[in-house]
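This is input.txt (compact mmCIF, C-alpha atoms).
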```
# COMPACT_ATOMS: atom_id res chain seq x y z
CA MET A 1 0.37 -8.39 0.80
CA HIS A 2 2.57 -10.19 3.32
CA THR A 3 0.85 -13.47 2.44
CA LEU A 4 0.65 -12.87 -1.29
CA LEU A 5 4.39 -12.30 -1.63
CA ALA A 6 5.39 -15.18 0.61
CA GLY A 7 5.78 -17.41 -2.45
CA VAL A 8 8.50 -15.21 -3.93
CA ALA A 9 11.27 -17.00 -2.04
CA GLY A 10 10.38 -20.32 -3.63
CA VAL A 11 10.34 -18.81 -7.10
CA LEU A 12 13.75 -17.17 -6.83
CA ALA A 13 15.46 -20.46 -7.70
CA ALA A 14 13.67 -20.69 -11.04
CA PRO A 15 15.80 -18.10 -12.87
CA VAL A 16 18.92 -20.15 -12.10
CA LEU A 17 17.50 -22.93 -14.30
CA GLY A 18 17.29 -20.84 -17.44
CA GLY A 19 14.94 -18.07 -16.40
CA LEU A 20 17.55 -15.30 -16.09
CA ALA A 21 17.59 -14.68 -19.84
CA TYR A 22 13.79 -14.56 -19.98
CA ARG A 23 13.75 -12.23 -16.96
CA ALA A 24 16.18 -9.88 -18.72
CA VAL A 25 13.97 -9.81 -21.83
CA ARG A 26 10.91 -9.05 -19.72
CA GLN A 27 12.76 -6.32 -17.82
CA ARG A 28 13.82 -4.61 -21.05
CA ARG A 29 10.28 -4.81 -22.42
CA ILE A 30 8.77 -3.30 -19.28
CA ALA A 31 11.48 -0.63 -19.09
CA ARG A 32 10.54 0.48 -22.63
CA ALA A 33 6.86 0.58 -21.67
CA LEU A 34 7.70 2.72 -18.65
CA GLU A 35 9.71 5.31 -20.58
CA ILE A 36 8.48 8.88 -20.13
CA ARG A 37 9.67 11.37 -22.73
CA ALA A 38 7.45 14.36 -22.01
CA PRO A 39 9.51 17.58 -21.80
CA ASN A 40 8.45 18.41 -18.24
CA ALA A 41 8.43 14.83 -16.93
CA ILE A 42 10.11 13.55 -13.81
CA VAL A 43 11.64 10.10 -13.22
CA GLU A 44 13.74 9.64 -10.09
CA ASP A 45 14.87 6.61 -8.10
CA ARG A 46 16.98 7.39 -5.05
CA PHE A 47 17.51 7.33 -1.31
CA VAL A 48 16.61 10.26 0.92
CA ARG A 49 17.39 10.81 4.59
CA LEU A 50 14.30 10.32 6.76
CA GLY A 51 14.30 9.80 10.51
CA GLY A 52 18.07 9.44 10.60
CA ILE A 53 18.35 6.64 8.00
CA ASP A 54 18.41 6.39 4.21
CA GLN A 55 15.02 5.43 2.77
CA TRP A 56 14.20 4.68 -0.87
CA ILE A 57 11.71 6.66 -2.92
CA GLY A 58 10.72 6.58 -6.58
CA ILE A 59 9.10 9.56 -8.30
CA ARG A 60 7.42 9.32 -11.70
CA GLY A 61 5.11 11.57 -13.67
CA GLU A 62 4.60 13.11 -17.10
CA HIS A 63 4.32 16.67 -15.85
CA ARG A 64 5.96 18.18 -12.78
CA ASP A 65 3.03 20.51 -12.21
CA ASN A 66 0.57 17.65 -11.73
CA PRO A 67 -0.69 16.94 -8.19
CA VAL A 68 1.66 14.76 -6.14
CA LEU A 69 0.27 11.38 -5.01
CA LEU A 70 2.29 9.81 -2.20
CA VAL A 71 1.56 6.08 -1.93
CA LEU A 72 1.78 4.35 1.47
CA HIS A 73 2.26 0.61 1.09
CA GLY A 74 0.77 -2.12 3.23
CA GLY A 75 2.06 -5.40 4.53
CA PRO A 76 3.26 -3.82 6.83
CA GLY A 77 6.45 -4.81 4.98
CA SER A 78 5.22 -5.08 1.38
CA PRO A 79 6.44 -2.34 -0.99
CA TYR A 80 4.17 -1.22 -3.80
CA SER A 81 6.83 0.05 -6.22
CA MET A 82 6.40 -3.22 -8.13
CA PHE A 83 2.98 -1.90 -9.20
CA THR A 84 4.55 0.90 -11.26
CA PRO A 85 3.68 -0.76 -14.62
CA VAL A 86 0.06 -1.14 -13.49
CA LEU A 87 -0.11 2.54 -12.51
CA ARG A 88 1.55 3.83 -15.69
CA PRO A 89 -1.69 5.51 -16.96
CA TRP A 90 -1.97 7.38 -13.65
CA GLU A 91 1.29 9.19 -14.39
CA GLU A 92 -0.45 11.35 -17.01
CA HIS A 93 -2.52 12.95 -14.25
CA PHE A 94 -0.41 12.66 -11.08
CA THR A 95 3.20 12.61 -9.99
CA ILE A 96 3.37 9.21 -8.27
CA VAL A 97 5.72 8.78 -5.31
CA GLN A 98 6.52 5.29 -4.03
CA TRP A 99 8.25 4.94 -0.66
CA GLU A 100 9.75 1.80 0.85
CA ARG A 101 9.56 2.42 4.60
CA ARG A 102 12.15 1.48 7.22
CA GLY A 103 12.65 -2.27 7.49
CA VAL A 104 11.22 -2.83 4.00
CA GLY A 105 12.60 -3.65 0.54
CA LYS A 106 15.41 -1.45 -0.73
CA THR A 107 15.43 0.54 2.47
CA LEU A 108 16.09 -2.65 4.43
CA GLY A 109 18.80 -3.57 1.95
CA ARG A 110 20.50 -0.22 2.48
CA ASN A 111 20.41 -0.25 6.29
CA GLY A 112 20.08 -3.89 7.33
CA LYS A 113 17.88 -5.02 10.19
CA ALA A 114 20.20 -3.63 12.86
CA GLY A 115 20.34 -0.27 11.10
CA SER A 116 16.59 0.10 10.60
CA GLY A 117 16.22 1.91 13.89
CA GLU A 118 12.96 2.26 15.76
CA MET A 119 10.36 0.00 14.11
CA THR A 120 7.07 1.51 15.24
CA PHE A 121 4.16 3.01 13.35
CA ASP A 122 4.67 6.26 15.26
CA ARG A 123 8.22 6.50 13.97
CA MET A 124 6.97 5.83 10.42
CA VAL A 125 4.40 8.59 10.77
CA ASP A 126 7.22 10.99 11.59
CA ASP A 127 9.21 9.66 8.62
CA GLY A 128 6.20 10.18 6.36
CA ILE A 129 5.68 13.75 7.51
CA GLU A 130 9.35 14.44 6.88
CA LEU A 131 8.98 12.96 3.39
CA ALA A 132 5.90 15.07 2.64
CA GLU A 133 7.84 18.19 3.60
CA LEU A 134 10.74 17.11 1.38
CA LEU A 135 8.40 16.46 -1.58
CA ARG A 136 6.69 19.80 -1.09
CA ALA A 137 10.01 21.60 -1.48
CA HIS A 138 11.51 19.31 -4.12
CA LEU A 139 8.48 19.26 -6.42
CA GLY A 140 7.33 22.81 -5.81
CA GLN A 141 3.90 21.79 -4.58
CA ASP A 142 1.95 23.40 -1.78
CA LYS A 143 0.40 20.11 -0.63
CA VAL A 144 0.45 16.36 -1.32
CA ILE A 145 -2.35 13.84 -1.83
CA LEU A 146 -1.92 10.84 0.46
CA LEU A 147 -2.99 7.46 -0.95
CA ALA A 148 -2.80 4.91 1.87
CA SER A 149 -3.47 1.21 1.34
CA SER A 150 -4.02 -1.64 3.80
CA MET A 151 -1.59 -1.27 6.74
CA GLY A 152 -0.38 1.92 5.12
CA THR A 153 -3.65 3.41 6.35
CA VAL A 154 -2.40 2.95 9.93
CA VAL A 155 0.39 5.38 9.03
CA GLY A 156 -1.65 7.59 6.71
CA VAL A 157 -4.53 8.48 9.02
CA SER A 158 -2.06 9.65 11.67
CA MET A 159 -0.07 11.66 9.13
CA VAL A 160 -3.06 13.74 8.02
CA GLN A 161 -4.26 14.12 11.61
CA ARG A 162 -0.91 15.48 12.79
CA ARG A 163 -0.05 17.70 9.82
CA PRO A 164 -3.16 18.54 7.78
CA ASP A 165 -1.32 21.57 6.39
CA LEU A 166 0.83 19.25 4.27
CA PHE A 167 -1.98 17.34 2.57
CA SER A 168 -4.62 18.32 0.02
CA ALA A 169 -6.57 15.06 0.50
CA TYR A 170 -6.54 11.66 2.15
CA VAL A 171 -7.49 8.64 0.03
CA GLY A 172 -7.78 5.34 1.88
CA THR A 173 -8.12 1.97 0.20
CA ASP A 174 -8.10 -1.46 1.82
CA GLN A 175 -8.86 0.79 4.79
CA ASN A 176 -7.94 -0.69 8.17
CA VAL A 177 -10.44 0.40 10.79
CA ASN A 178 -10.43 -2.05 13.69
CA MET A 179 -8.00 -4.94 13.35
CA ALA A 180 -9.63 -7.11 16.01
CA ARG A 181 -13.00 -6.95 14.21
CA SER A 182 -11.64 -7.34 10.69
CA GLU A 183 -9.43 -10.28 11.67
CA ALA A 184 -12.31 -12.01 13.43
CA MET A 185 -14.58 -11.43 10.41
CA SER A 186 -12.05 -12.72 7.88
CA TYR A 187 -11.42 -15.77 10.10
CA GLU A 188 -15.13 -16.58 10.27
CA VAL A 189 -15.75 -16.13 6.54
CA THR A 190 -12.73 -18.25 5.64
CA LEU A 191 -13.58 -21.05 8.05
CA GLU A 192 -17.09 -21.20 6.58
CA ARG A 193 -15.66 -21.38 3.07
CA LEU A 194 -13.23 -24.15 4.05
CA ARG A 195 -15.98 -26.22 5.63
CA ALA A 196 -18.31 -25.68 2.65
CA ALA A 197 -15.54 -26.81 0.31
CA GLY A 198 -14.83 -29.89 2.41
CA ASN A 199 -11.26 -28.70 3.01
CA ALA A 200 -10.53 -30.53 6.26
CA GLU A 201 -6.88 -29.51 6.32
CA GLY A 202 -7.62 -25.80 6.15
CA ALA A 203 -10.50 -25.98 8.60
CA ALA A 204 -8.32 -27.86 11.09
CA ALA A 205 -5.55 -25.29 10.68
CA LEU A 206 -7.87 -22.39 11.46
CA GLU A 207 -9.53 -24.23 14.33
CA ALA A 208 -6.08 -24.82 15.84
CA ILE A 209 -5.35 -21.09 15.70
CA GLY A 210 -8.67 -20.26 17.36
CA ALA A 211 -11.23 -17.58 16.65
CA ASP A 212 -9.91 -14.96 19.10
CA PRO A 213 -7.38 -12.65 17.37
CA SER A 214 -6.08 -11.43 20.76
CA ARG A 215 -4.64 -14.90 21.34
CA TRP A 216 -2.76 -15.17 18.03
CA ASP A 217 0.96 -14.79 17.57
CA VAL A 218 2.52 -13.60 14.32
CA ARG A 219 2.89 -17.16 13.00
CA GLY A 220 -0.75 -17.97 13.65
CA TRP A 221 -1.81 -14.72 12.01
CA SER A 222 0.33 -15.48 8.95
CA ARG A 223 -1.22 -18.94 8.63
CA LYS A 224 -4.69 -17.45 8.85
CA GLN A 225 -3.81 -14.90 6.16
CA ARG A 226 -2.64 -17.63 3.79
CA TRP A 227 -5.93 -19.51 4.13
CA VAL A 228 -7.92 -16.31 3.66
CA MET A 229 -6.19 -15.77 0.33
CA LYS A 230 -6.54 -19.39 -0.78
CA MET A 231 -10.29 -19.32 -0.20
CA ASP A 232 -10.95 -15.81 -1.56
CA PRO A 233 -12.42 -16.24 -5.07
CA VAL A 234 -11.50 -12.67 -6.03
CA ILE A 235 -7.75 -12.70 -5.26
CA ARG A 236 -7.05 -16.43 -4.93
CA ASP A 237 -4.47 -16.53 -7.76
CA LEU A 238 -3.29 -12.95 -7.45
CA ASP A 239 0.24 -13.96 -6.51
CA ARG A 240 0.75 -15.95 -9.73
CA ARG A 241 -1.34 -13.69 -11.97
CA LEU A 242 0.02 -10.32 -10.91
CA LEU A 243 2.44 -10.04 -8.01
CA LEU A 244 5.14 -12.55 -8.86
CA PRO A 245 5.32 -11.55 -12.55
CA LEU A 246 5.59 -7.89 -11.57
CA ILE A 247 8.28 -8.27 -8.94
CA LEU A 248 10.37 -10.78 -10.89
CA SER A 249 10.35 -8.68 -14.07
CA SER A 250 10.66 -5.24 -12.48
CA PRO A 251 13.45 -3.27 -14.20
CA THR A 252 14.25 -1.50 -10.93
CA TYR A 253 14.62 -4.67 -8.81
CA THR A 254 17.79 -6.73 -8.81
CA LEU A 255 17.61 -10.28 -7.47
CA ARG A 256 19.25 -8.95 -4.33
CA ASP A 257 16.49 -6.34 -4.04
CA ILE A 258 13.89 -9.10 -4.31
CA GLY A 259 15.66 -10.94 -1.51
CA HIS A 260 15.39 -7.83 0.65
CA VAL A 261 11.67 -7.59 -0.16
CA VAL A 262 11.17 -11.16 1.02
CA ALA A 263 13.24 -10.58 4.18
CA GLY A 264 11.30 -7.41 4.96
CA LEU A 265 7.95 -9.19 4.91
CA ASP A 266 8.66 -11.23 8.03
CA PHE A 267 10.90 -8.63 9.67
CA ALA A 268 8.30 -5.84 9.58
CA ALA A 269 5.42 -8.14 10.50
CA ALA A 270 7.25 -9.51 13.54
CA ARG A 271 8.36 -6.09 14.78
CA LEU A 272 4.97 -4.40 14.27
CA PHE A 273 2.61 -7.29 15.05
CA ASP A 274 1.43 -6.16 18.49
CA GLU A 275 0.86 -2.63 17.24
CA PHE A 276 -1.17 -3.46 14.17
CA MET A 277 -3.26 -6.10 15.90
CA SER A 278 -4.40 -3.51 18.45
CA HIS A 279 -5.08 -0.81 15.85
CA ASP A 280 -8.40 1.05 16.02
CA ALA A 281 -8.64 4.08 13.74
CA ARG A 282 -11.36 5.65 15.90
CA ARG A 283 -8.88 6.20 18.72
CA LEU A 284 -7.21 8.79 16.50
CA GLY A 285 -10.47 10.69 16.19
CA THR A 286 -12.88 10.96 13.28
CA ARG A 287 -12.57 14.69 12.57
CA PHE A 288 -10.28 15.61 9.66
CA GLU A 289 -9.21 18.97 8.32
CA VAL A 290 -8.60 17.68 4.80
CA PRO A 291 -10.94 16.16 2.18
CA PHE A 292 -11.38 12.50 3.05
CA PHE A 293 -12.02 9.63 0.62
CA ILE A 294 -12.29 5.86 0.90
CA PHE A 295 -12.31 3.73 -2.25
CA GLN A 296 -12.76 0.14 -1.06
CA GLY A 297 -12.91 -3.17 -2.88
CA GLU A 298 -16.52 -4.35 -2.65
CA ALA A 299 -15.50 -7.97 -1.91
CA ASP A 300 -12.55 -7.26 0.38
CA VAL A 301 -12.20 -10.00 3.00
CA PHE A 302 -8.97 -8.80 4.64
CA THR A 303 -10.36 -5.32 5.38
CA PRO A 304 -14.15 -5.68 4.98
CA ALA A 305 -15.97 -2.90 3.15
CA SER A 306 -18.71 -2.93 5.79
CA LEU A 307 -16.27 -1.77 8.47
CA ALA A 308 -14.87 0.91 6.18
CA GLU A 309 -18.40 2.19 5.50
CA GLU A 310 -19.23 2.32 9.22
CA TYR A 311 -16.08 4.30 9.90
CA PHE A 312 -16.64 6.62 6.93
CA ALA A 313 -20.13 7.48 8.20
CA GLU A 314 -18.58 8.79 11.43
CA VAL A 315 -15.90 10.87 9.71
CA GLU A 316 -16.27 14.65 9.70
CA ALA A 317 -14.28 16.44 6.99
CA PRO A 318 -14.52 19.53 4.75
CA HIS A 319 -15.48 17.16 1.95
CA LYS A 320 -15.81 13.38 1.90
CA ALA A 321 -16.81 10.59 -0.48
CA PHE A 322 -16.97 6.82 -0.39
CA ALA A 323 -16.90 4.48 -3.39
CA LEU A 324 -16.93 0.72 -3.82
CA ILE A 325 -14.56 -0.63 -6.44
CA ARG A 326 -16.47 -3.27 -8.40
CA ASN A 327 -15.11 -6.77 -8.95
CA ALA A 328 -12.34 -6.09 -6.46
CA GLY A 329 -11.24 -7.40 -3.11
CA HIS A 330 -8.06 -6.37 -1.34
CA PHE A 331 -5.58 -4.39 -3.52
CA ALA A 332 -8.46 -2.70 -5.33
CA ALA A 333 -6.19 0.08 -6.63
CA PHE A 334 -3.90 -2.41 -8.34
CA THR A 335 -6.35 -5.05 -9.53
CA GLN A 336 -8.79 -2.46 -10.92
CA PRO A 337 -6.45 0.48 -11.65
CA ASP A 338 -8.61 2.01 -14.41
CA GLN A 339 -11.71 2.06 -12.24
CA PHE A 340 -9.70 3.43 -9.33
CA LEU A 341 -8.16 6.14 -11.54
CA THR A 342 -11.65 7.20 -12.61
CA GLU A 343 -12.56 7.75 -8.95
CA LEU A 344 -9.38 9.77 -8.42
CA LEU A 345 -10.03 11.92 -11.47
CA THR A 346 -13.72 12.57 -10.83
CA ARG A 347 -13.71 12.93 -7.03
CA VAL A 348 -10.21 13.92 -5.90
CA ARG A 349 -8.28 15.74 -8.60
CA PRO A 350 -10.86 18.51 -9.17
CA LEU A 351 -10.58 19.47 -5.49
CA VAL A 352 -6.80 19.54 -5.33
CA THR A 353 -6.40 21.53 -8.54
CA ALA A 354 -8.99 24.13 -7.55
CA PRO A 355 -7.96 27.82 -7.09
CA GLY A 356 -6.60 27.64 -3.48
CA GLN A 357 -4.44 24.61 -4.25
CA ARG A 358 -1.74 26.44 -6.21
CA SER A 359 1.79 25.14 -6.41
CA LEU A 360 4.61 27.07 -4.75
CA LYS A 361 5.95 27.96 -8.19
CA ALA A 362 2.67 29.63 -9.08
CA ALA A 363 2.26 31.41 -5.75
```
Any chance you could give the structure as structure tokens?
Amino acid sequence: MHTLLAGVAGVLAAPVLGGLAYRAVRQRRIARALEIRAPNAIVEDRFVRLGGIDQWIGIRGEHRDNPVLLVLHGGPGSPYSMFTPVLRPWEEHFTIVQWERRGVGKTLGRNGKAGSGEMTFDRMVDDGIELAELLRAHLGQDKVILLASSMGTVVGVSMVQRRPDLFSAYVGTDQNVNMARSEAMSYEVTLERLRAAGNAEGAAALEAIGADPSRWDVRGWSRKQRWVMKMDPVIRDLDRRLLLPLILSSPTYTLRDIGHVVAGLDFAAARLFDEFMSHDARRLGTRFEVPFFIFQGEADVFTPASLAEEYFAEVEAPHKAFALIRNAGHFAAFTQPDQFLTELLTRVRPLVTAPGQRSLKAA
């Protein structure tokens, strides 16, 4: 996501040349499409106090009694609230909670870099647990489903390990397992693609970075990510086809908010680089006390499905299931939302709405 949104900064000048009116029309159109008029619906957009600072959350759903699905974004500084229009059909079945973590998006805009506090994954795990407790009370639900994507899985796995009592299920997608292995694999695949395409510039750029991820700095990693995306046939044009249109026409994002999103990409990556590059999910253990699911894009290059399958085979949980999302790479939940929703409805929702998963209101 960090790489895919990097082009936003260059596009921000376009509205000045006549695009502001078009943007306003698009925003109004999307706002109408996002309207929820069900009598027991919930639509909230606000800041809450987590870990000593204000952090932004958005809550949307057609029925307050539906299971709560807390989404953990990736990046590590790339918010997913822009995907709200894509996830609109999900809101019939789940109450969707988006959260822009410290140092990211609207939360960065509220606090600034100096006011973002401790920028570590451990701190974000504590923030996430605090948010889950807040949602439990606010929405009258006994437990929350955790949907973690990409680098959000670094936070999510730790959250369910530390406080399984708060979560009815863990759903990982774009699952990060071992960063050293996945980075080395994506480097190798991309270099092969560049050479096969006769792209001397890209091949030279990757060769200059080197094949050993332990020797990269954040700039080298970012360059590698850009070439991975350019050579990935599944998500090559995803920035222009999906991400930029969504963020630029979002009815909840001002131009200033978009500027904070762009600033947060580099800020979070720089502050968390050493941590995420050394991440290995197995160090946290492979035994879980909650149902455990991984729905992975079958052609994911950033977080290869083969590594996710290896990890899943080692996981012990009360219930577990693995599914490949067809015709999808990274961002499988947002590029194939209907297929992903089917997996959620057939594999996850029946478990969390079973007799033992009552809401607090019903208890």
Near Glu289 of chain A, within 10 Å and counting all atoms listed in the file, which residues show up once chain neighbours fewer than 4 positions away are dropped, as an mmCIF file with C-alpha atoms, in the frame of the given file?
```cif
data_model
loop_
_atom_site.group_PDB
_atom_site.id
_atom_site.type_symbol
_atom_site.label_atom_id
_atom_site.label_comp_id
_atom_site.auth_asym_id
_atom_site.auth_seq_id
_atom_site.Cartn_x
_atom_site.Cartn_y
_atom_site.Cartn_z
ATOM 1 C CA VAL A 160 -3.060 13.740 8.020
ATOM 2 C CA GLN A 161 -4.260 14.120 11.610
ATOM 3 C CA ARG A 163 -0.050 17.700 9.820
ATOM 4 C CA PRO A 164 -3.160 18.540 7.780
ATOM 5 C CA ASP A 165 -1.320 21.570 6.390
ATOM 6 C CA PHE A 167 -1.980 17.340 2.570
ATOM 7 C CA SER A 168 -4.620 18.320 0.020
ATOM 8 C CA ALA A 169 -6.570 15.060 0.500
ATOM 9 C CA TYR A 170 -6.540 11.660 2.150
ATOM 10 C CA GLU A 316 -16.270 14.650 9.700
ATOM 11 C CA ALA A 317 -14.280 16.440 6.990
ATOM 12 C CA PRO A 318 -14.520 19.530 4.750
ATOM 13 C CA HIS A 319 -15.480 17.160 1.950
#
```
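Considering all atoms listed in the file, the residue among A:Ala38, A:Val352, A:Val290, A:Met231 positioned nearest to Leu194 of chain A is A:Met231.
Coordinates place atom CA of Leu166 of chain A at a distance of 11.1 Å from atom CA of Ala137 of chain A.
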Open item on the list: Applying 12 Å and all atoms listed in the file, which residues near Asp338 of chain A remain after dropping the ones on its own chain fewer than 2 positions away? List them as a ChimeraX atom specification.
Closed with: /A:86-90,325-326,328,332-336,340-345
TODO: Please provide as number ranges by chain all residues within 9 Å of His93 of chain A, with the sequence filter that same-chain residues fewer than 2 positions apart are discarded (counting all atoms listed in the file).
DONE: A: 61-63, 66-67, 89-91, 95, 345, 349
Protein/DNA/RNA residues near (-16.0, -16.9, 3.7), cut 12 Å, only C-alpha atoms, as a compact mmCIF listing (two decimals) with C-alpha atoms, in the coordinates of the input:
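File produced: selection-v2.txt:
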```txt
# COMPACT_ATOMS: atom_id res chain seq x y z
CA ALA A 184 -12.31 -12.01 13.43
CA MET A 185 -14.58 -11.43 10.41
CA SER A 186 -12.05 -12.72 7.88
CA TYR A 187 -11.42 -15.77 10.10
CA GLU A 188 -15.13 -16.58 10.27
CA VAL A 189 -15.75 -16.13 6.54
CA THR A 190 -12.73 -18.25 5.64
CA LEU A 191 -13.58 -21.05 8.05
CA GLU A 192 -17.09 -21.20 6.58
CA ARG A 193 -15.66 -21.38 3.07
CA LEU A 194 -13.23 -24.15 4.05
CA ARG A 195 -15.98 -26.22 5.63
CA ALA A 196 -18.31 -25.68 2.65
CA ALA A 197 -15.54 -26.81 0.31
CA ALA A 203 -10.50 -25.98 8.60
CA TRP A 227 -5.93 -19.51 4.13
CA VAL A 228 -7.92 -16.31 3.66
CA MET A 229 -6.19 -15.77 0.33
CA LYS A 230 -6.54 -19.39 -0.78
CA MET A 231 -10.29 -19.32 -0.20
CA ASP A 232 -10.95 -15.81 -1.56
CA PRO A 233 -12.42 -16.24 -5.07
CA VAL A 234 -11.50 -12.67 -6.03
CA ALA A 299 -15.50 -7.97 -1.91
CA ASP A 300 -12.55 -7.26 0.38
CA VAL A 301 -12.20 -10.00 3.00
CA PHE A 302 -8.97 -8.80 4.64
CA PRO A 304 -14.15 -5.68 4.98
```
- [ ] Write out as a list in words the residues lying within 12 Å of Ser306 of chain A, counting all atoms listed in the file and excluding same-chain residues fewer than 4 positions away.
- [x] Asp174, Gln175, Asn176, Val177, Asn178, Arg181, Ser182, Met185, Ile294, Gln296, Gly297, Glu298, Ala299, Asp300, Val301, Phe302, Glu310, Tyr311, Phe312, Ala313, Phe322, Ala323 and Leu324 of chain A
